[in-house]
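See structure below.
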Amino acid sequence: MKILLIGSGGREHALAWKMAQSDAVSELVAAPGNIGIAKEPKCRVVRVSADDIKGLLELVRLEKPDLTVVGPEAPLVAGLADVFTQNGFSVFGPSAAAALLEGSKVFAKELMKKYEIPSAEFEVFNDYYEAARYVEAAKFPLVVKADGLAAGKGVFVCERREGALEALEQIMIRKVFGIAGQKVIIEDCLEGEEASFIAFTDGVTVIPLASSQDHKAIFDNDKGPNTGGMGAYSPAPVVTPLMHEKIMNKIMLPTIKAMAAEGRPYVGFLYAGIMIHEDNPKVLEFNVRLGDPEAQPLLVRMNTDPIPLMISALTGNLGKETINWNEDASVCVVMASQGYPGTYVKGNIITGLEEAEKVPGVKVFIAGADNSLGGVITSGGRVLGVTSLAKNIPDAIQKAYEGVERIKWEGVHFRRDIGEKALHRA
Ligand code: AMP
Ligand code: GLY
């Protein structure tokens, strides 16, 4: 069968790499894809942007894929799955009505409140002065969030009043996130350790992926501003078997039931960002897709072909499926451009990609790199993910960094502590 894959990041390279290994797949077209995807067997890329719904509709009519898989959230929130379905094409990913779970944090918080899904206490504001008055009287720390999509930048964890007022001004007065900031949430700051809990769902059955953990902050020891994610590993020992059961029973299954009850049946990947404190999981946010970089270690560990799982999800048959996981551990270290997550430099020549992949068990997933006359150059904030597979987390960390050391460009930045939280729990 022929697959159309939407997106261009490390997550999509990992998906393309994994799906291309399926015996069921004869051809994979990625829009817009990247140079890493273009080099995978059976894969080719076409220059249609993931946000260009009209262009993608033309593309799907031309290519006639048997299945479309959507990587990022923006096209899902914009209704890509609805448009494709209405035109007779199968797509794995939620409808716009269901993708509101990520598209509006206010919607997600109100849903959780109504269905008693554990999450931080919150208030919603659509007026700057009311929000500022609330902040004047509030206890700190607290968290200010823009309602809509903000590419991971719309969340401010504020230790002090000035920071919260500054966040409100950015979101509601200067409107740096546009209409995504028409409403804000101000919520209690949760303490604990974070984990990413991601599952396949057909709207009734939830089949979880293995546990994983992201590293959101730009610098070691979780310092500095949040990014899309600077590295991830799987499995994450913070998600014990008991915690897994709690997350399934208190969060994942109730959320899928709630979405169905609200007339927004949810089919696709569902990602819950979880804060775990004293054996209690609470939802930080929902995403309507695989995490990036979490997808990289997860797909490296996944022994089961994901294509039949997606097809079963689309036909409501996930109940008969199981996923087998490699017992080995995987660690992904993201290498980023100087300046990321702020404005960053592009066009630096990258060396050592092939040498890195010579480290046994190491795969390099491309996120923001391109070909040029001088060789491979940086073209994004997160440039690539060096992802390893080894018998345990310490070995996987060592292998991933062995790969990282072989890759160079001017101004490269990466964290040196990816996976350390797992070592503290071992
Ligand atoms: P979100 O995009 O909502 O997951 O937020 C991004 C990051 O901000 C999360 O991964 C957490 O590190 C942090 N965060 C969000 N909400 C809270 C909260 N209520 N308490 C503490 N940290 C939070
Ligand atoms: N790595 C976090 C995310 O994909 O949202």
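Just so we're on the same page: first chain in the structure tokens is A, next is B, and so on; residues restart at 1 for each chain, and ligands are numbered from 1 in the order they show up.
Near ligand 2, the residues found within 9 Å are Arg11, Pro72, Ala151, Gly152, Ser196, Gln213, Asp214, His215, Lys216, Thr227, Gly228, Gly229, Met230, Gly231, Ala232, Tyr271, Gly273, Glu285, Phe286, Asn287, Arg289, Leu290, Gly291, Asp292, Pro293, Glu294 and Ala295 of chain A (criterion computed using only C-alpha atoms and all ligand atoms).
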Q: Set the cut-off to 8 Å, count only C-alpha atoms and all ligand atoms, and list whatever residues fall near ligand 1 as a ChimeraX atom specification.
A: /A:105,119-120,142-143,145,152-157,187-191,194,216-217,226,273,275,284-286
Skip Val288 (chain A) itself and residues of its chain fewer than 6 positions away, then list as a PDB file with C-alpha atoms, in the first residue's frame all residues within 9 Å of it, counting only C-alpha atoms.
```
ATOM      1  CA  PRO A  72       1.974  17.605  13.573  1.00  0.00           C
ATOM      2  CA  GLU A  73      -1.013  19.176  15.341  1.00  0.00           C
ATOM      3  CA  LEU A  76      -5.297  18.396  12.434  1.00  0.00           C
ATOM      4  CA  VAL A  77      -6.612  21.403  14.360  1.00  0.00           C
ATOM      5  CA  GLY A  93      -5.478  11.463  13.020  1.00  0.00           C
ATOM      6  CA  PRO A  94      -8.381  13.140  14.844  1.00  0.00           C
ATOM      7  CA  ALA A  98     -11.567  16.089  18.441  1.00  0.00           C
ATOM      8  CA  ALA A  99      -8.272  17.920  17.877  1.00  0.00           C
ATOM      9  CA  LEU A 100      -9.668  20.802  19.923  1.00  0.00           C
ATOM     10  CA  LEU A 101      -8.237  18.861  22.857  1.00  0.00           C
ATOM     11  CA  GLU A 102      -4.886  20.384  21.839  1.00  0.00           C
ATOM     12  CA  GLY A 103      -6.218  23.345  19.836  1.00  0.00           C
ATOM     13  CA  GLY A 268      -5.585   8.792  16.377  1.00  0.00           C
ATOM     14  CA  PHE A 269      -2.640   9.177  18.682  1.00  0.00           C
ATOM     15  CA  LEU A 270      -3.545  10.744  22.029  1.00  0.00           C
ATOM     16  CA  TYR A 271      -0.695  12.181  24.086  1.00  0.00           C
ATOM     17  CA  ALA A 272      -1.148  13.192  27.722  1.00  0.00           C
TER      18      ALA A 272
END
```
Q: Find the residues around Asn324 (chain A) up to 7 Å (only C-alpha atoms counted), leave out those fewer than 2 positions away in its own chain, and share them as a PyMOL selection string.
A: chain A and resi 302-304+322+326
Q: Give me the residues within 10 Å of Ser388 (chain A) as a list in words, counting only C-alpha atoms and dropping any in the same chain fewer than 5 places off.
A: Tyr233, Gln296, Pro297, Val300, Arg301, Asp328, Ala329, Ser330, Val331, Cys332, Val333, Glu357, Val359, Pro360, Gly361, Val362, Lys363, Val364, Ile393, Asp395, Ala396, Ile397, Gln398, Lys399, Ala400, Tyr401, Glu402 and Gly403 of chain A
Q: Please identify which residues in region 266-379 of chain A DSSP calls strand (DSSP E) from the backbone, and express them as a ChimeraX atom specification.
A: /A:268-277,280-287,329-336,362-366,369-372,375-378
Q: Apply DSSP to the backbone of this structure and, from region 156-358 of chain A, keep only the residues in helix (DSSP H, G or I); write these as a PyMOL selection string.
A: chain A and resi 161-173+178-181+220-222+241-261+295-301+306-314+318-320+353-357
Go ahead and write the selection's residues with C-alpha atoms as a tab-separated table (two decimals), in the first residue's frame.
```tsv
chain	number	residue	atom	x	y	z
A	161	ARG	CA	4.07	38.36	40.06
A	162	GLU	CA	6.15	40.41	37.60
A	163	GLY	CA	6.70	37.36	35.41
A	164	ALA	CA	2.99	36.56	35.32
A	165	LEU	CA	2.06	40.16	34.46
A	166	GLU	CA	4.70	40.18	31.72
A	167	ALA	CA	3.28	36.89	30.31
A	168	LEU	CA	-0.25	38.34	30.32
A	169	GLU	CA	0.96	41.49	28.57
A	170	GLN	CA	2.74	39.46	25.89
A	171	ILE	CA	-0.26	37.22	25.28
A	172	MET	CA	-3.19	39.65	25.66
A	173	ILE	CA	-1.84	43.14	24.88
A	178	GLY	CA	-2.28	36.24	17.67
A	179	ILE	CA	-5.79	34.86	18.23
A	180	ALA	CA	-4.31	31.91	20.18
A	181	GLY	CA	-4.01	34.42	23.01
A	220	ASP	CA	20.88	21.00	31.61
A	221	ASN	CA	19.06	20.44	34.91
A	222	ASP	CA	15.84	21.75	33.32
A	241	PRO	CA	3.21	-0.53	36.49
A	242	LEU	CA	0.90	0.90	39.19
A	243	MET	CA	1.25	4.43	37.77
A	244	HIS	CA	0.52	3.06	34.29
A	245	GLU	CA	-2.77	1.60	35.57
A	246	LYS	CA	-3.68	4.89	37.27
A	247	ILE	CA	-2.97	6.92	34.14
A	248	MET	CA	-5.04	4.54	32.02
A	249	ASN	CA	-7.99	4.41	34.44
A	250	LYS	CA	-8.07	8.01	35.66
A	251	ILE	CA	-6.93	9.84	32.53
A	252	MET	CA	-6.73	8.06	29.18
A	253	LEU	CA	-9.92	5.96	29.22
A	254	PRO	CA	-12.07	8.69	30.86
A	255	THR	CA	-10.81	11.24	28.32
A	256	ILE	CA	-11.72	9.04	25.35
A	257	LYS	CA	-15.13	8.34	26.92
A	258	ALA	CA	-15.64	12.06	27.60
A	259	MET	CA	-14.80	12.99	24.01
A	260	ALA	CA	-17.33	10.43	22.73
A	261	ALA	CA	-19.97	11.73	25.16
A	295	ALA	CA	8.43	9.43	18.86
A	296	GLN	CA	12.08	8.76	18.10
A	297	PRO	CA	12.95	6.47	21.06
A	298	LEU	CA	9.42	5.00	21.03
A	299	LEU	CA	9.45	3.96	17.38
A	300	VAL	CA	13.00	2.60	17.70
A	301	ARG	CA	11.73	0.31	20.50
A	306	PRO	CA	2.25	0.35	13.18
A	307	ILE	CA	0.29	0.18	9.90
A	308	PRO	CA	-2.17	-2.59	10.95
A	309	LEU	CA	-2.65	-0.74	14.25
A	310	MET	CA	-3.64	2.44	12.42
A	311	ILE	CA	-5.99	0.55	10.13
A	312	SER	CA	-7.58	-1.21	13.11
A	313	ALA	CA	-8.02	2.16	14.81
A	314	LEU	CA	-9.81	3.52	11.73
A	318	LEU	CA	-8.09	-1.82	18.07
A	319	GLY	CA	-9.43	-4.21	20.73
A	320	LYS	CA	-7.82	-7.15	18.92
A	353	LEU	CA	26.39	12.30	10.17
A	354	GLU	CA	27.60	9.05	8.61
A	355	GLU	CA	30.23	8.52	11.31
A	356	ALA	CA	27.55	8.92	14.00
A	357	GLU	CA	25.43	6.18	12.43
```
Q | Distance criterion (only C-alpha atoms): nearest to Ala81 (chain A) out of A:Asp23, A:Val204, A:Lys114, A:Val60 | A | A:Val60
